[in-house]
Every structure is written in structure tokens, then in C-alpha cells.
>>> print(open('work-v2.txt').read())   # compact mmCIF, C-alpha atoms
# COMPACT_ATOMS: atom_id res chain seq x y z
CA MET A 264 0.00 0.00 0.00
CA LEU A 265 1.03 3.55 -0.73
CA LYS A 266 0.86 4.56 2.93
CA ASP A 267 3.30 1.82 3.90
CA VAL A 268 6.01 2.93 1.48
CA LEU A 269 5.56 6.68 1.27
CA ILE A 270 6.17 7.09 4.97
CA GLU A 271 6.52 10.50 6.56
CA LYS A 272 10.31 10.42 6.71
CA ASN A 273 10.46 9.86 2.94
CA ILE A 274 8.60 13.14 2.39
CA GLN A 275 10.51 16.42 2.19
CA ILE A 276 9.41 19.98 1.58
CA GLN A 277 11.74 22.64 0.25
CA ASP A 278 11.25 26.23 -1.00
CA GLU A 279 13.24 25.83 -4.19
CA ILE A 280 16.08 23.85 -5.71
CA ASP A 281 18.90 24.47 -8.12
CA GLY A 282 17.96 22.35 -11.11
CA TRP A 283 16.23 19.03 -11.79
CA GLU A 284 19.30 16.90 -11.11
CA ALA A 285 19.50 18.29 -7.59
CA ALA A 286 15.76 17.67 -7.24
CA ILE A 287 16.18 13.96 -8.04
CA GLU A 288 19.21 13.74 -5.73
CA THR A 289 17.42 15.44 -2.85
CA ALA A 290 14.23 13.44 -3.34
CA SER A 291 16.33 10.23 -3.25
CA PHE A 292 18.13 11.14 -0.05
CA PRO A 293 15.78 9.46 2.49
CA LEU A 294 15.88 6.23 0.46
CA LEU A 295 19.68 6.28 0.28
CA GLU A 296 19.98 7.02 3.96
CA SER A 297 17.71 4.13 4.94
CA GLY A 298 19.53 1.76 2.58
CA LYS A 299 16.54 1.16 0.30
CA ILE A 300 18.54 2.22 -2.78
CA GLU A 301 22.20 2.64 -3.71
CA GLN A 302 23.83 5.75 -5.19
CA GLY A 303 24.01 3.95 -8.55
CA TYR A 304 20.22 4.08 -8.79
CA VAL A 305 20.21 7.84 -8.31
CA ASN A 306 22.83 8.25 -11.03
CA ARG A 307 20.84 6.14 -13.46
CA MET A 308 17.59 8.02 -12.86
CA ILE A 309 19.45 11.21 -13.78
CA GLN A 310 21.14 9.56 -16.76
CA ASN A 311 17.73 8.41 -18.04
CA VAL A 312 16.43 11.95 -18.23
CA HIS A 313 19.57 13.00 -20.11
CA GLU A 314 19.02 10.16 -22.58
CA LEU A 315 15.25 10.05 -22.99
CA GLY A 316 14.24 13.58 -22.11
CA PRO A 317 11.83 14.93 -19.50
CA TYR A 318 9.26 12.15 -19.94
CA ILE A 319 9.27 11.50 -16.19
CA VAL A 320 7.14 14.66 -15.88
CA ILE A 321 3.96 12.68 -16.38
CA SER A 322 1.45 15.41 -15.74
CA PRO A 323 1.63 19.14 -15.04
CA GLN A 324 3.62 19.63 -11.79
CA ILE A 325 4.26 15.90 -11.27
CA ALA A 326 7.49 14.02 -11.94
CA ILE A 327 8.09 10.37 -11.14
CA ALA A 328 11.81 9.64 -11.37
CA HIS A 329 12.69 5.97 -11.78
CA ALA A 330 15.08 3.60 -13.51
CA ARG A 331 15.06 -0.03 -14.50
CA PRO A 332 15.67 -2.51 -11.64
CA ASP A 333 19.29 -3.71 -11.80
CA GLY A 334 20.42 -4.59 -8.30
CA THR A 335 20.86 -1.01 -7.08
CA VAL A 336 17.47 -1.17 -5.38
CA ASN A 337 17.31 -3.16 -2.15
CA GLU A 338 13.63 -2.69 -1.39
CA ILE A 339 10.58 -1.29 -3.16
CA SER A 340 10.33 2.28 -2.04
CA LEU A 341 8.91 5.68 -2.81
CA SER A 342 9.84 9.18 -1.72
CA LEU A 343 8.55 12.66 -2.46
CA LEU A 344 10.14 16.08 -2.60
CA LYS A 345 7.63 18.90 -2.66
CA LEU A 346 8.95 22.21 -3.94
CA ASP A 347 7.22 25.52 -3.33
CA THR A 348 8.88 26.85 -6.49
CA PRO A 349 8.68 24.32 -9.33
CA VAL A 350 11.81 23.02 -11.02
CA ASN A 351 12.01 22.71 -14.81
CA PHE A 352 13.07 19.37 -16.33
CA SER A 353 13.73 20.77 -19.81
CA GLU A 354 14.06 23.93 -21.83
CA GLY A 355 10.39 23.55 -22.66
CA ASP A 356 7.48 23.42 -20.31
CA HIS A 357 8.19 20.51 -17.98
CA GLU A 358 7.82 22.06 -14.57
CA ALA A 359 7.28 19.96 -11.49
CA SER A 360 6.61 20.79 -7.86
CA LEU A 361 6.01 17.20 -6.81
CA VAL A 362 9.09 15.09 -7.48
CA PHE A 363 8.59 11.42 -6.65
CA VAL A 364 11.33 8.81 -6.66
CA LEU A 365 10.11 5.29 -7.35
CA ALA A 366 12.42 2.35 -6.77
CA ALA A 367 11.33 -1.04 -8.08
CA VAL A 368 13.04 -4.39 -7.61
CA ASP A 369 11.40 -6.11 -10.59
CA ASN A 370 8.70 -5.45 -13.18
CA GLU A 371 5.76 -6.54 -11.04
CA GLN A 372 5.99 -5.97 -7.33
CA HIS A 373 5.63 -2.19 -7.38
CA LEU A 374 2.46 -2.19 -9.51
CA ASP A 375 0.05 -2.12 -6.57
CA ILE A 376 1.77 0.96 -5.20
CA LEU A 377 1.75 2.57 -8.61
CA ARG A 378 -1.93 1.77 -9.08
CA ASP A 379 -2.65 3.49 -5.79
CA LEU A 380 -0.47 6.48 -6.67
CA ALA A 381 -1.95 6.85 -10.16
CA THR A 382 -5.46 6.84 -8.75
CA LYS A 383 -4.54 9.58 -6.29
CA LEU A 384 -2.63 11.70 -8.79
CA GLY A 385 -5.39 11.32 -11.37
CA ASP A 386 -7.62 13.33 -9.06
CA ARG A 387 -7.03 17.05 -9.57
CA ASP A 388 -8.40 17.92 -6.11
CA ILE A 389 -5.84 15.66 -4.48
CA VAL A 390 -3.03 17.14 -6.58
CA ASN A 391 -4.11 20.66 -5.64
CA ALA A 392 -4.23 19.67 -1.97
CA LEU A 393 -0.68 18.29 -2.26
CA LEU A 394 0.52 21.45 -3.98
CA SER A 395 -0.84 23.64 -1.21
CA ALA A 396 0.20 21.36 1.68
CA THR A 397 2.75 22.90 4.05
CA SER A 398 3.72 19.97 6.27
CA LYS A 399 4.94 16.41 5.76
CA LYS A 400 2.15 15.19 7.96
CA ASP A 401 -0.48 16.82 5.74
CA ILE A 402 1.09 15.31 2.62
CA TYR A 403 1.19 11.89 4.23
CA LYS A 404 -2.47 12.18 5.22
CA ILE A 405 -3.55 13.28 1.74
CA LEU A 406 -1.82 10.28 0.16
CA SER A 407 -2.80 7.62 2.67
CA MET B 1180 -7.14 -5.46 -31.66
CA LYS B 1181 -4.18 -4.84 -29.45
CA PHE B 1182 -3.04 -1.63 -27.77
CA LEU B 1183 0.49 -1.37 -26.49
CA VAL B 1184 1.41 1.43 -24.11
CA VAL B 1185 5.07 2.35 -24.37
CA CYS B 1186 7.19 4.32 -21.92
CA GLY B 1187 10.88 4.68 -21.14
CA HIS B 1188 11.20 1.62 -18.92
CA GLY B 1189 7.87 -0.15 -19.03
CA LEU B 1190 7.65 0.27 -15.28
CA GLY B 1191 5.72 3.37 -14.41
CA SER B 1192 3.81 5.57 -16.74
CA SER B 1193 2.93 2.85 -19.26
CA PHE B 1194 1.26 0.89 -16.49
CA MET B 1195 -0.68 3.93 -15.31
CA ILE B 1196 -1.94 4.50 -18.85
CA GLU B 1197 -2.84 0.82 -19.20
CA MET B 1198 -4.98 1.11 -16.05
CA ASN B 1199 -6.74 4.16 -17.43
CA ILE B 1200 -7.33 2.49 -20.82
CA GLU B 1201 -9.02 -0.43 -19.12
CA GLN B 1202 -11.26 2.01 -17.29
CA ALA B 1203 -11.96 3.98 -20.50
CA LEU B 1204 -12.94 0.79 -22.35
CA LYS B 1205 -15.37 -0.04 -19.57
CA GLU B 1206 -16.87 3.44 -19.74
CA LEU B 1207 -17.18 3.17 -23.52
CA ASP B 1208 -18.93 -0.14 -22.96
CA ILE B 1209 -16.46 -2.06 -25.07
CA ASN B 1210 -16.18 -5.75 -24.55
CA GLU B 1211 -12.69 -6.17 -23.16
CA SER B 1212 -12.27 -9.56 -24.75
CA HIS B 1213 -12.04 -7.81 -28.13
CA ILE B 1214 -9.27 -5.52 -27.09
CA GLU B 1215 -6.02 -6.47 -25.52
CA VAL B 1216 -3.97 -3.91 -23.63
CA ASP B 1217 -0.39 -4.34 -22.53
CA HIS B 1218 2.58 -2.16 -21.62
CA SER B 1219 6.23 -2.25 -22.55
CA ASP B 1220 9.46 -0.30 -22.45
CA LEU B 1221 10.78 1.55 -25.46
CA GLY B 1222 13.72 -0.82 -25.91
CA SER B 1223 11.62 -4.00 -26.11
CA ALA B 1224 8.67 -2.67 -28.13
CA SER B 1225 8.50 -3.52 -31.84
CA PRO B 1226 6.04 -2.84 -34.68
CA ASP B 1227 4.61 -6.37 -34.65
CA MET B 1228 3.59 -6.16 -31.00
CA ALA B 1229 0.33 -4.23 -31.44
CA ASP B 1230 -2.13 -2.54 -33.77
CA VAL B 1231 -2.08 0.77 -31.97
CA PHE B 1232 0.75 2.22 -29.88
CA ILE B 1233 0.18 4.73 -27.12
CA CYS B 1234 2.75 6.96 -25.48
CA GLY B 1235 3.31 10.32 -23.85
CA LYS B 1236 4.30 13.24 -26.05
CA ASP B 1237 7.93 13.18 -24.96
CA LEU B 1238 8.45 9.76 -26.49
CA ALA B 1239 6.29 10.26 -29.58
CA ASP B 1240 9.27 10.66 -31.93
CA ASN B 1241 10.73 7.36 -30.73
CA VAL B 1242 7.47 5.42 -31.06
CA ALA B 1243 6.16 6.96 -34.31
CA SER B 1244 8.02 4.44 -36.52
CA PHE B 1245 6.17 1.48 -34.93
CA GLY B 1246 2.81 2.17 -36.56
CA GLU B 1247 -0.47 3.75 -35.59
CA LEU B 1248 0.00 6.02 -32.65
CA ILE B 1249 -1.98 7.79 -29.97
CA VAL B 1250 0.04 10.54 -28.30
CA LEU B 1251 -1.00 11.81 -24.88
CA ASP B 1252 -0.23 15.36 -23.75
CA ASN B 1253 -0.95 14.48 -20.14
CA ILE B 1254 -0.43 10.86 -19.18
CA LEU B 1255 -2.71 11.07 -16.16
CA ASP B 1256 -5.57 12.83 -17.93
CA LYS B 1257 -8.29 10.21 -18.19
CA ASP B 1258 -10.60 12.41 -20.27
CA GLU B 1259 -7.95 13.05 -22.90
CA LEU B 1260 -7.21 9.34 -23.06
CA LYS B 1261 -10.86 8.36 -23.34
CA THR B 1262 -11.50 10.86 -26.15
CA LYS B 1263 -8.46 9.71 -28.11
CA ILE B 1264 -9.24 6.00 -27.64
CA GLU B 1265 -12.83 6.60 -28.74
CA GLU B 1266 -11.64 8.43 -31.88
CA LYS B 1267 -9.19 5.66 -32.72
CA LEU B 1268 -11.79 2.92 -32.22
CA LYS B 1269 -14.26 4.76 -34.46
CA GLU B 1270 -11.56 5.20 -37.08
CA LYS B 1271 -10.85 1.46 -36.95
CA GLY B 1272 -14.55 0.63 -37.13
CA ALA B 1273 -14.53 -0.99 -33.71
CA LEU B 1274 -17.05 1.39 -32.19
>>> encode(input="work-v2.txt", output="C-alpha cells")
Amino acid sequence: MLKDVLIEKNIQIQDEIDGWEAAIETASFPLLESGKIEQGYVNRMIQNVHELGPYIVISPQIAIAHARPDGTVNEISLSLLKLDTPVNFSEGDHEASLVFVLAAVDNEQHLDILRDLATKLGDRDIVNALLSATSKKDIYKILS
Amino acid sequence: MKFLVVCGHGLGSSFMIEMNIEQALKELDINESHIEVDHSDLGSASPDMADVFICGKDLADNVASFGELIVLDNILDKDELKTKIEEKLKEKGAL
């Protein structure tokens, strides 16, 4: 379930950030610190955007950074960095204030979490509530 | 008829779109046994894998060579998806 993986300590709020690479790095930090992922996973998520473009911005204001499972993920996990000032993932219009990091161990096990997350993020009221939330606790409540 | 949703890794957004397609087909009252939906990553997808390919606009250039294409501006927008699926099904005479 979403509420079991996107725990409060995996949620961070920051005013602004210097570029999308820093956003992915910062969003990944709680997962690195708790040993859920290795630094190699963070590097590959960033590399993927360089190679494939800003496709991880799946909807206005929402980015889900991820990479293919390859042994640099120790446990399925999810984190969120909420920015008060959106960061741009490209020269064009790919701004995101909600930067998720999704770590999967294979092609299947994370699908329940993703189903839950997609349902929540498909609801504009929920997204607006997330965008105006000011505490980790509020964000956790909105998503659980 | 088979729809294949393609994204960078076949892990995240393609699955979300697949979920929304299944819901759209239900809403359009289409018998799901006539339409197969699957998702894949860009590297493994090939032209013979489906009749219609679906992807987000950032990958459209990479997927265009596979065949018929539906491009989504907003991957999470269910209304956009439903409208585009409906158009495609009408075009193919399936609706």
C-alpha cells in the first residue's frame, strides 16, 4: 500500500532547488539514507532523463523519477520532494513541484503501489491539496 | 485489436496509462475480450507487438516508426485518453 512505502520520513518539503538533477538527488536522499537504494540508482535516474528527455514529468507539476531494476534497489520504495517553487526538467514546459522517486526491484511488485499512486494523482483535487500542503504530515495524510 | 502502451522503462507511466485504458474501455462499454492492452518499455517494443501504440508526447518521436499512434499530452488525464481512444476505435470501425 502507498501509505506503507511513502512514509513521513520519505517526504521532504523545500522552497526551491537548483535544477532538476538536484531535485532527483534530494528526493532520493531518504531512500539512500535508509539503505533502500544505492547511489548507482540515483545516477541512473538522472542519466535516463539526459538520454530520454523529461518524460518523467507525467502530468503538469508531477514528476516520477525511476530507472530499471538492476540490483541497485534493495527494497521497493517511494519518496517525495515537494517544492514551493517548481523546477524545470527541460528547456520547454516541464515544470514539477512534486518530485517522486520510485524504486522497483522487478517489473511486477511495485504495480500495486503505482496503481494506488496513479489513482490519487489522477484526481485534480488531491493534486491541488498536495501542492498547497505545508507539512509532511499533511502530505502523508492526503496520500494515505 | 491490441493496444500497447510504451514508456521509457515499461515500469511506471505505461502501467498507469494501461490502467486508465481499461477504465476507459469499460466506460465506452467495449467488450474487453475484443481488445487487448499491454505495456512495454521503449527498448523491447516492436512494430509487430500491437495494432495501436500509445505513449506520452515526450516519447512520440521514438514510437512513431512502430505504426499507428496515440500521443498523450498528459499521461494522467483520463478524459484526454478516453477521447483519443474513442476516436481511434471509431476510425478502426470498432465502435
>>> interface_residues(input="work-v2.txt", of="chain B", to="chain A", cutoff="6 Å", atoms="all atoms listed in the file", output="list of chain:residue names")
B:Asp1237, B:Asn1253, B:Ile1254, B:Leu1255
>>> axis_aligned_box(input="work-v2.txt", around="segment 373-384 of chain A", padding_each_side="8 Å", output="AutoDock Vina command-line options")
--center_x 0.1 --center_y 4.8 --center_z -7.7 --size_x 27.1 --size_y 29.9 --size_z 21.0
>>> residues_near_point(input="work-v2.txt", point="(10.1, 14.6, -8.7)", cutoff="7 Å", atoms="only C-alpha atoms", output="number ranges by chain")
A: 286-287, 290, 325-328, 343-344, 359, 361-364
>>> atom_distance(input="work-v2.txt", atom1="atom CA of Ala1273 of chain B", atom2="atom CA of Glu1206 of chain B")
14.8 Å
>>> residues_around(input="work-v2.txt", residues="segment 1211-1219 of chain B", least_positions_apart="6", cutoff="8 Å", atoms="all atoms listed in the file", output="PDB file with C-alpha atoms, in the frame of the given file")
ATOM      1  CA  MET B1180      -7.140  -5.460 -31.660  1.00  0.00           C
ATOM      2  CA  LYS B1181      -4.180  -4.840 -29.450  1.00  0.00           C
ATOM      3  CA  PHE B1182      -3.040  -1.630 -27.770  1.00  0.00           C
ATOM      4  CA  LEU B1183       0.490  -1.370 -26.490  1.00  0.00           C
ATOM      5  CA  VAL B1184       1.410   1.430 -24.110  1.00  0.00           C
ATOM      6  CA  VAL B1185       5.070   2.350 -24.370  1.00  0.00           C
ATOM      7  CA  CYS B1186       7.190   4.320 -21.920  1.00  0.00           C
ATOM      8  CA  HIS B1188      11.200   1.620 -18.920  1.00  0.00           C
ATOM      9  CA  GLY B1189       7.870  -0.150 -19.030  1.00  0.00           C
ATOM     10  CA  LEU B1190       7.650   0.270 -15.280  1.00  0.00           C
ATOM     11  CA  SER B1193       2.930   2.850 -19.260  1.00  0.00           C
ATOM     12  CA  PHE B1194       1.260   0.890 -16.490  1.00  0.00           C
ATOM     13  CA  GLU B1197      -2.840   0.820 -19.200  1.00  0.00           C
ATOM     14  CA  ILE B1200      -7.330   2.490 -20.820  1.00  0.00           C
ATOM     15  CA  GLU B1201      -9.020  -0.430 -19.120  1.00  0.00           C
ATOM     16  CA  LEU B1204     -12.940   0.790 -22.350  1.00  0.00           C
ATOM     17  CA  LYS B1205     -15.370  -0.040 -19.570  1.00  0.00           C
TER      18      LYS B1205
END
>>> atom_distance(input="work-v2.txt", atom1="atom CA of Leu1274 of chain B", atom2="atom CA of Ile1209 of chain B")
7.9 Å
>>> atom_distance(input="work-v2.txt", atom1="atom CA of Met1195 of chain B", atom2="atom CA of Ile276 of chain A")
25.4 Å
>>> closest_residue(input="work-v2.txt", among="A:Val336, A:Ile376, A:Leu346, A:Ala392", to="Asp278 of chain A", atoms="all atoms listed in the file")
A:Leu346
>>> residues_near_point(input="work-v2.txt", point="(2.8, 6.6, -28.0)", cutoff="6 Å", atoms="only C-alpha atoms", output="PDB file with C-alpha atoms, in the frame of the given file")
ATOM      1  CA  PHE B1232       0.750   2.220 -29.880  1.00  0.00           C
ATOM      2  CA  ILE B1233       0.180   4.730 -27.120  1.00  0.00           C
ATOM      3  CA  CYS B1234       2.750   6.960 -25.480  1.00  0.00           C
ATOM      4  CA  GLY B1235       3.310  10.320 -23.850  1.00  0.00           C
ATOM      5  CA  ALA B1239       6.290  10.260 -29.580  1.00  0.00           C
ATOM      6  CA  VAL B1242       7.470   5.420 -31.060  1.00  0.00           C
ATOM      7  CA  LEU B1248       0.000   6.020 -32.650  1.00  0.00           C
ATOM      8  CA  ILE B1249      -1.980   7.790 -29.970  1.00  0.00           C
ATOM      9  CA  VAL B1250       0.040  10.540 -28.300  1.00  0.00           C
TER      10      VAL B1250
END
>>> residues_around(input="work-v2.txt", residues="Ser398 of chain A", least_positions_apart="3", cutoff="9 Å", atoms="all atoms listed in the file", output="MDAnalysis selection string")
chainID A and resid 275:276 401:403
>>> write_last_selection(input="work-v2.txt", atoms="C-alpha atoms", output="short mmCIF file (atom, residue, chain, number, x, y, z; two decimals), keeping the file's coordinate frame")
data_model
loop_
_atom_site.label_atom_id
_atom_site.label_comp_id
_atom_site.auth_asym_id
_atom_site.auth_seq_id
_atom_site.Cartn_x
_atom_site.Cartn_y
_atom_site.Cartn_z
CA GLN A 275 10.51 16.42 2.19
CA ILE A 276 9.41 19.98 1.58
CA ASP A 401 -0.48 16.82 5.74
CA ILE A 402 1.09 15.31 2.62
CA TYR A 403 1.19 11.89 4.23
#
>>> closest_residue(input="work-v2.txt", among="A:Lys345, A:Lys299, A:Arg307, A:Lys266", to="Ile280 of chain A", atoms="all atoms listed in the file")
A:Lys345
